[in-house]
Amino acid sequence: MPQFESSFYHHKHSKKNHIFLILILFFVFLFTSPVFGKVSLVASISDIKYIAEQVAGDRADVYGMIRGVDDPHFVMTRPDFLVKLSEADVLCVVGLDLEIGWIPYLQQQSRNMKIQKGQPGYCDTSFGVKILGEPTVMMDRSMGDMHIYGNPHYWNDPINAIQMAQNIKNALTRVDPLNGEYYENNFNSFKKRLIQVTKEEMKKMEPYFGLKVAVFHDQFVYLASRFKFNANLTIEERPGVPPSVRYMDQVISYMIAEKIKIILIGPYHNPKYAEYVSSKVPGSVVVTLPVSVGALDTTSYEETLRLSLQKIRDASDKTK
């Protein structure tokens, strides 16, 4: 074979091999990258699930690990959690050690590098949120289930929910950059909705600014801070530890002296302590707030917020 034919033959075949290699790489990329398939996002709580669904739209499958009626402090892990986490592109958590008893174990067991702390698929939704209730003293376990990084129930403030949505949008964009603009547009729409809801609810709450309520667990401080009522009196002496009768008697005396007639509890708390206190404070009521999406038949973050504030206003009107 003449030399020019030989070089032409090799060139032709190397070109074919090159195209074949590109095609193989393309198909590998196609079936292993979320860019072409849907992103798989796992959310620790129902509120993060709802917010992630608003940002991700139809570009991600969003799975929530617990329901709105479940206590995020104490979660029994299930085999399906591990299955979902092993396949996840993104894991979104509340952070601030709220899920310390179950998420780190599941992350480790999932053997999924993408969702480990510090990796692109790990999303701590507390990033950038102004945290309230950071401890000013050294703490130990005798103080109960104290949160050393501050109060983790920040999602009940809609302005914080906007920051959470931004953190989720950033995580989705990290793992799926081609849909970055789509996530950005969805985030902006959600942000506008929450700003509107916040303005509407703030106006309704104006006559109730300064209202004092008692709570079972210190979980309404962000809601109270945003909508200007006071929720600093807790029936729990120490978080996660049943209160003593002596301590509850102090709470009762304080409520009577300060004319506090409302006790707020979450849907997963044993109401007996709040009911005991209420039975000793004339004219007082125990009010269960949804706290999270899915509790008390709520289906959206906005509905959960509206219902919580409506219940507080109704209780205030009832106990005047």
# chains A, B, ... in the order shown; residues from 1 in each chain; ligands from 1

call {"tool": "select_by_dssp", "arguments": {"residues": "region 184-319 of chain A", "states": "strand (DSSP E)", "output": "number ranges by chain"}}
result
A: 212-215, 230-234, 262-265, 285-288

call {"tool": "write_last_selection", "arguments": {"atoms": "N, CA, C and O atoms", "output": "PDB file, in the first residue's frame"}}
result
ATOM      1  N   LYS A 212     -48.047  38.396  75.053  1.00  0.00           N
ATOM      2  CA  LYS A 212     -47.178  37.431  75.753  1.00  0.00           C
ATOM      3  C   LYS A 212     -47.833  36.058  75.755  1.00  0.00           C
ATOM      4  O   LYS A 212     -49.007  35.933  76.113  1.00  0.00           O
ATOM      5  N   VAL A 213     -47.066  35.060  75.372  1.00  0.00           N
ATOM      6  CA  VAL A 213     -47.553  33.679  75.412  1.00  0.00           C
ATOM      7  C   VAL A 213     -46.514  32.810  76.117  1.00  0.00           C
ATOM      8  O   VAL A 213     -45.330  33.161  76.172  1.00  0.00           O
ATOM      9  N   ALA A 214     -46.980  31.676  76.634  1.00  0.00           N
ATOM     10  CA  ALA A 214     -46.067  30.652  77.160  1.00  0.00           C
ATOM     11  C   ALA A 214     -45.956  29.574  76.088  1.00  0.00           C
ATOM     12  O   ALA A 214     -46.835  29.435  75.231  1.00  0.00           O
ATOM     13  N   VAL A 215     -44.865  28.821  76.120  1.00  0.00           N
ATOM     14  CA  VAL A 215     -44.677  27.730  75.157  1.00  0.00           C
ATOM     15  C   VAL A 215     -44.233  26.487  75.928  1.00  0.00           C
ATOM     16  O   VAL A 215     -43.683  26.598  77.020  1.00  0.00           O
ATOM     17  N   ASN A 230     -44.291  37.887  72.210  1.00  0.00           N
ATOM     18  CA  ASN A 230     -43.274  37.411  73.145  1.00  0.00           C
ATOM     19  C   ASN A 230     -43.535  35.950  73.510  1.00  0.00           C
ATOM     20  O   ASN A 230     -44.607  35.624  74.018  1.00  0.00           O
ATOM     21  N   ALA A 231     -42.562  35.078  73.227  1.00  0.00           N
ATOM     22  CA  ALA A 231     -42.730  33.640  73.494  1.00  0.00           C
ATOM     23  C   ALA A 231     -41.539  33.083  74.273  1.00  0.00           C
ATOM     24  O   ALA A 231     -41.010  32.026  73.956  1.00  0.00           O
ATOM     25  N   ASN A 232     -41.125  33.782  75.312  1.00  0.00           N
ATOM     26  CA  ASN A 232     -39.903  33.415  76.035  1.00  0.00           C
ATOM     27  C   ASN A 232     -40.120  32.529  77.257  1.00  0.00           C
ATOM     28  O   ASN A 232     -39.162  32.013  77.825  1.00  0.00           O
ATOM     29  N   LEU A 233     -41.373  32.346  77.689  1.00  0.00           N
ATOM     30  CA  LEU A 233     -41.639  31.536  78.878  1.00  0.00           C
ATOM     31  C   LEU A 233     -41.877  30.086  78.470  1.00  0.00           C
ATOM     32  O   LEU A 233     -42.833  29.775  77.775  1.00  0.00           O
ATOM     33  N   THR A 234     -40.994  29.186  78.906  1.00  0.00           N
ATOM     34  CA  THR A 234     -41.125  27.768  78.527  1.00  0.00           C
ATOM     35  C   THR A 234     -41.564  26.902  79.708  1.00  0.00           C
ATOM     36  O   THR A 234     -41.096  27.086  80.830  1.00  0.00           O
ATOM     37  N   ILE A 262     -52.151  32.178  77.119  1.00  0.00           N
ATOM     38  CA  ILE A 262     -51.992  31.289  75.959  1.00  0.00           C
ATOM     39  C   ILE A 262     -50.736  30.432  76.123  1.00  0.00           C
ATOM     40  O   ILE A 262     -49.665  30.961  76.436  1.00  0.00           O
ATOM     41  N   ILE A 263     -50.894  29.124  75.903  1.00  0.00           N
ATOM     42  CA  ILE A 263     -49.743  28.210  75.892  1.00  0.00           C
ATOM     43  C   ILE A 263     -49.672  27.569  74.506  1.00  0.00           C
ATOM     44  O   ILE A 263     -50.639  26.938  74.061  1.00  0.00           O
ATOM     45  N   LEU A 264     -48.542  27.719  73.830  1.00  0.00           N
ATOM     46  CA  LEU A 264     -48.360  27.144  72.490  1.00  0.00           C
ATOM     47  C   LEU A 264     -47.565  25.847  72.582  1.00  0.00           C
ATOM     48  O   LEU A 264     -46.553  25.782  73.282  1.00  0.00           O
ATOM     49  N   ILE A 265     -48.053  24.836  71.848  1.00  0.00           N
ATOM     50  CA  ILE A 265     -47.310  23.574  71.770  1.00  0.00           C
ATOM     51  C   ILE A 265     -47.231  23.118  70.309  1.00  0.00           C
ATOM     52  O   ILE A 265     -47.990  23.591  69.461  1.00  0.00           O
ATOM     53  N   VAL A 285     -55.685  28.944  77.712  1.00  0.00           N
ATOM     54  CA  VAL A 285     -55.929  27.905  76.702  1.00  0.00           C
ATOM     55  C   VAL A 285     -54.607  27.326  76.195  1.00  0.00           C
ATOM     56  O   VAL A 285     -53.582  28.016  76.186  1.00  0.00           O
ATOM     57  N   VAL A 286     -54.661  26.060  75.781  1.00  0.00           N
ATOM     58  CA  VAL A 286     -53.515  25.403  75.131  1.00  0.00           C
ATOM     59  C   VAL A 286     -53.806  25.380  73.633  1.00  0.00           C
ATOM     60  O   VAL A 286     -54.866  24.915  73.214  1.00  0.00           O
ATOM     61  N   VAL A 287     -52.870  25.879  72.836  1.00  0.00           N
ATOM     62  CA  VAL A 287     -53.065  25.974  71.383  1.00  0.00           C
ATOM     63  C   VAL A 287     -51.964  25.182  70.672  1.00  0.00           C
ATOM     64  O   VAL A 287     -50.774  25.434  70.887  1.00  0.00           O
ATOM     65  N   THR A 288     -52.364  24.232  69.828  1.00  0.00           N
ATOM     66  CA  THR A 288     -51.398  23.463  69.033  1.00  0.00           C
ATOM     67  C   THR A 288     -51.190  24.163  67.697  1.00  0.00           C
ATOM     68  O   THR A 288     -52.137  24.357  66.931  1.00  0.00           O
TER      69      THR A 288
END

call {"tool": "closest_residue", "arguments": {"among": "A:Val62, A:Met205, A:Leu309, A:Ile51", "to": "Ala88 (chain A)", "atoms": "only C-alpha atoms"}}
result
A:Val62

call {"tool": "residues_around", "arguments": {"residues": "region 172-189 of chain A", "least_positions_apart": "4", "cutoff": "8 Å", "atoms": "only C-alpha atoms", "output": "PyMOL selection string"}}
result
chain A and resi 34-35+39+54-57+59+89-90+120-121+165-166+168+193

call {"tool": "residues_around", "arguments": {"residues": "region 289-305 of chain A", "least_positions_apart": "3", "cutoff": "9 Å", "atoms": "only C-alpha atoms", "output": "VMD selection string"}}
result
chain A and resid 45 to 47 49 to 51 67 to 70 155 to 158 161 193 to 194 197 201 219 to 220 223 264 to 267 308 to 312

call {"tool": "closest_residue", "arguments": {"among": "A:Leu132, A:Met65, A:Cys92, A:Ile48", "to": "Ile148 (chain A)", "atoms": "only C-alpha atoms"}}
result
A:Leu132

call {"tool": "closest_residue", "arguments": {"among": "A:Lys114, A:Lys84, A:Arg313, A:His73", "to": "Phe209 (chain A)", "atoms": "only C-alpha atoms"}}
result
A:Arg313

call {"tool": "residues_around", "arguments": {"residues": "Pro243 (chain A)", "least_positions_apart": "6", "cutoff": "12 Å", "atoms": "only C-alpha atoms", "output": "number ranges by chain"}}
result
A: 144, 216-217, 234-237, 249-251, 270, 272-274, 276-277

call {"tool": "write_last_selection", "arguments": {"atoms": "C-alpha atoms", "output": "PDB file, in the first residue's frame"}}
result
ATOM      1  CA  GLY A 144     -30.965  18.646  78.641  1.00  0.00           C
ATOM      2  CA  PHE A 216     -43.967  24.110  75.990  1.00  0.00           C
ATOM      3  CA  HIS A 217     -40.714  23.907  73.987  1.00  0.00           C
ATOM      4  CA  THR A 234     -41.125  27.768  78.527  1.00  0.00           C
ATOM      5  CA  ILE A 235     -42.900  24.999  80.423  1.00  0.00           C
ATOM      6  CA  GLU A 236     -39.936  22.713  79.715  1.00  0.00           C
ATOM      7  CA  GLU A 237     -37.389  23.353  82.456  1.00  0.00           C
ATOM      8  CA  ASP A 249     -45.729  25.835  89.764  1.00  0.00           C
ATOM      9  CA  GLN A 250     -43.268  28.701  89.152  1.00  0.00           C
ATOM     10  CA  VAL A 251     -44.525  28.972  85.549  1.00  0.00           C
ATOM     11  CA  ASN A 270     -47.252  15.428  74.926  1.00  0.00           C
ATOM     12  CA  LYS A 272     -50.303  16.826  79.485  1.00  0.00           C
ATOM     13  CA  TYR A 273     -47.773  19.308  80.961  1.00  0.00           C
ATOM     14  CA  ALA A 274     -49.280  22.280  79.116  1.00  0.00           C
ATOM     15  CA  TYR A 276     -51.727  20.807  83.769  1.00  0.00           C
ATOM     16  CA  VAL A 277     -50.370  24.368  83.774  1.00  0.00           C
TER      17      VAL A 277
END

call {"tool": "select_by_dssp", "arguments": {"residues": "region 272-318 of chain A", "states": "helix (DSSP H, G or I)", "output": "ChimeraX atom specification"}}
result
/A:272-280,295-297,301-318

call {"tool": "write_last_selection", "arguments": {"atoms": "N, CA and C atoms", "output": "PDB file, in the first residue's frame"}}
result
ATOM      1  N   LYS A 272     -49.867  16.918  78.079  1.00  0.00           N
ATOM      2  CA  LYS A 272     -50.303  16.826  79.485  1.00  0.00           C
ATOM      3  C   LYS A 272     -49.680  17.905  80.376  1.00  0.00           C
ATOM      4  N   TYR A 273     -48.421  18.288  80.118  1.00  0.00           N
ATOM      5  CA  TYR A 273     -47.773  19.308  80.961  1.00  0.00           C
ATOM      6  C   TYR A 273     -48.411  20.675  80.730  1.00  0.00           C
ATOM      7  N   ALA A 274     -48.639  21.004  79.463  1.00  0.00           N
ATOM      8  CA  ALA A 274     -49.280  22.280  79.116  1.00  0.00           C
ATOM      9  C   ALA A 274     -50.704  22.323  79.687  1.00  0.00           C
ATOM     10  N   GLU A 275     -51.401  21.183  79.611  1.00  0.00           N
ATOM     11  CA  GLU A 275     -52.782  21.129  80.128  1.00  0.00           C
ATOM     12  C   GLU A 275     -52.812  21.246  81.651  1.00  0.00           C
ATOM     13  N   TYR A 276     -51.814  20.674  82.311  1.00  0.00           N
ATOM     14  CA  TYR A 276     -51.727  20.807  83.769  1.00  0.00           C
ATOM     15  C   TYR A 276     -51.548  22.281  84.150  1.00  0.00           C
ATOM     16  N   VAL A 277     -50.616  22.940  83.489  1.00  0.00           N
ATOM     17  CA  VAL A 277     -50.370  24.368  83.774  1.00  0.00           C
ATOM     18  C   VAL A 277     -51.632  25.183  83.488  1.00  0.00           C
ATOM     19  N   SER A 278     -52.250  24.915  82.335  1.00  0.00           N
ATOM     20  CA  SER A 278     -53.449  25.659  81.941  1.00  0.00           C
ATOM     21  C   SER A 278     -54.590  25.474  82.950  1.00  0.00           C
ATOM     22  N   SER A 279     -54.687  24.270  83.519  1.00  0.00           N
ATOM     23  CA  SER A 279     -55.768  23.995  84.488  1.00  0.00           C
ATOM     24  C   SER A 279     -55.621  24.832  85.753  1.00  0.00           C
ATOM     25  N   LYS A 280     -54.411  25.329  86.005  1.00  0.00           N
ATOM     26  CA  LYS A 280     -54.134  26.124  87.213  1.00  0.00           C
ATOM     27  C   LYS A 280     -54.127  27.638  86.925  1.00  0.00           C
ATOM     28  N   ALA A 295     -48.528  19.177  59.007  1.00  0.00           N
ATOM     29  CA  ALA A 295     -49.201  19.020  60.299  1.00  0.00           C
ATOM     30  C   ALA A 295     -50.523  19.796  60.254  1.00  0.00           C
ATOM     31  N   LEU A 296     -51.509  19.319  60.987  1.00  0.00           N
ATOM     32  CA  LEU A 296     -52.852  19.925  61.050  1.00  0.00           C
ATOM     33  C   LEU A 296     -53.429  20.159  59.651  1.00  0.00           C
ATOM     34  N   ASP A 297     -53.190  19.199  58.764  1.00  0.00           N
ATOM     35  CA  ASP A 297     -53.734  19.217  57.393  1.00  0.00           C
ATOM     36  C   ASP A 297     -53.220  20.358  56.517  1.00  0.00           C
ATOM     37  N   TYR A 301     -46.076  25.832  52.857  1.00  0.00           N
ATOM     38  CA  TYR A 301     -45.410  26.657  53.879  1.00  0.00           C
ATOM     39  C   TYR A 301     -46.280  27.863  54.212  1.00  0.00           C
ATOM     40  N   GLU A 302     -46.830  28.488  53.182  1.00  0.00           N
ATOM     41  CA  GLU A 302     -47.642  29.698  53.367  1.00  0.00           C
ATOM     42  C   GLU A 302     -48.874  29.400  54.221  1.00  0.00           C
ATOM     43  N   GLU A 303     -49.513  28.274  53.946  1.00  0.00           N
ATOM     44  CA  GLU A 303     -50.707  27.885  54.710  1.00  0.00           C
ATOM     45  C   GLU A 303     -50.346  27.597  56.165  1.00  0.00           C
ATOM     46  N   THR A 304     -49.205  26.950  56.383  1.00  0.00           N
ATOM     47  CA  THR A 304     -48.734  26.628  57.746  1.00  0.00           C
ATOM     48  C   THR A 304     -48.516  27.915  58.546  1.00  0.00           C
ATOM     49  N   LEU A 305     -47.891  28.900  57.900  1.00  0.00           N
ATOM     50  CA  LEU A 305     -47.633  30.188  58.549  1.00  0.00           C
ATOM     51  C   LEU A 305     -48.946  30.900  58.881  1.00  0.00           C
ATOM     52  N   ARG A 306     -49.833  30.974  57.897  1.00  0.00           N
ATOM     53  CA  ARG A 306     -51.119  31.669  58.110  1.00  0.00           C
ATOM     54  C   ARG A 306     -51.925  31.022  59.231  1.00  0.00           C
ATOM     55  N   LEU A 307     -51.978  29.690  59.227  1.00  0.00           N
ATOM     56  CA  LEU A 307     -52.745  28.978  60.253  1.00  0.00           C
ATOM     57  C   LEU A 307     -52.156  29.209  61.644  1.00  0.00           C
ATOM     58  N   SER A 308     -50.834  29.180  61.757  1.00  0.00           N
ATOM     59  CA  SER A 308     -50.177  29.397  63.051  1.00  0.00           C
ATOM     60  C   SER A 308     -50.557  30.764  63.627  1.00  0.00           C
ATOM     61  N   LEU A 309     -50.443  31.780  62.810  1.00  0.00           N
ATOM     62  CA  LEU A 309     -50.722  33.144  63.281  1.00  0.00           C
ATOM     63  C   LEU A 309     -52.210  33.360  63.539  1.00  0.00           C
ATOM     64  N   GLN A 310     -53.068  32.734  62.714  1.00  0.00           N
ATOM     65  CA  GLN A 310     -54.523  32.832  62.918  1.00  0.00           C
ATOM     66  C   GLN A 310     -54.915  32.207  64.259  1.00  0.00           C
ATOM     67  N   LYS A 311     -54.291  31.072  64.585  1.00  0.00           N
ATOM     68  CA  LYS A 311     -54.598  30.390  65.849  1.00  0.00           C
ATOM     69  C   LYS A 311     -54.178  31.249  67.050  1.00  0.00           C
ATOM     70  N   ILE A 312     -53.056  31.947  66.913  1.00  0.00           N
ATOM     71  CA  ILE A 312     -52.593  32.835  67.998  1.00  0.00           C
ATOM     72  C   ILE A 312     -53.567  34.001  68.174  1.00  0.00           C
ATOM     73  N   ARG A 313     -53.989  34.594  67.050  1.00  0.00           N
ATOM     74  CA  ARG A 313     -54.941  35.724  67.127  1.00  0.00           C
ATOM     75  C   ARG A 313     -56.287  35.273  67.719  1.00  0.00           C
ATOM     76  N   ASP A 314     -56.765  34.117  67.276  1.00  0.00           N
ATOM     77  CA  ASP A 314     -58.045  33.595  67.793  1.00  0.00           C
ATOM     78  C   ASP A 314     -57.970  33.345  69.293  1.00  0.00           C
ATOM     79  N   ALA A 315     -56.851  32.765  69.732  1.00  0.00           N
ATOM     80  CA  ALA A 315     -56.673  32.474  71.169  1.00  0.00           C
ATOM     81  C   ALA A 315     -56.617  33.772  71.971  1.00  0.00           C
ATOM     82  N   SER A 316     -55.974  34.787  71.419  1.00  0.00           N
ATOM     83  CA  SER A 316     -55.881  36.075  72.096  1.00  0.00           C
ATOM     84  C   SER A 316     -57.267  36.708  72.245  1.00  0.00           C
ATOM     85  N   ASP A 317     -58.041  36.653  71.171  1.00  0.00           N
ATOM     86  CA  ASP A 317     -59.404  37.228  71.213  1.00  0.00           C
ATOM     87  C   ASP A 317     -60.268  36.474  72.227  1.00  0.00           C
ATOM     88  N   LYS A 318     -60.088  35.173  72.297  1.00  0.00           N
ATOM     89  CA  LYS A 318     -60.898  34.311  73.155  1.00  0.00           C
ATOM     90  C   LYS A 318     -60.585  34.542  74.634  1.00  0.00           C
TER      91      LYS A 318
END

call {"tool": "atom_distance", "arguments": {"atom1": "CA of Gly64 (chain A)", "atom2": "CA of Leu41 (chain A)"}}
result
8.7 Å

call {"tool": "atom_distance", "arguments": {"atom1": "CA of Met76 (chain A)", "atom2": "CA of Val94 (chain A)"}}
result
17.1 Å

call {"tool": "atom_distance", "arguments": {"atom1": "CA of Tyr254 (chain A)", "atom2": "CA of Met202 (chain A)"}}
result
28.1 Å
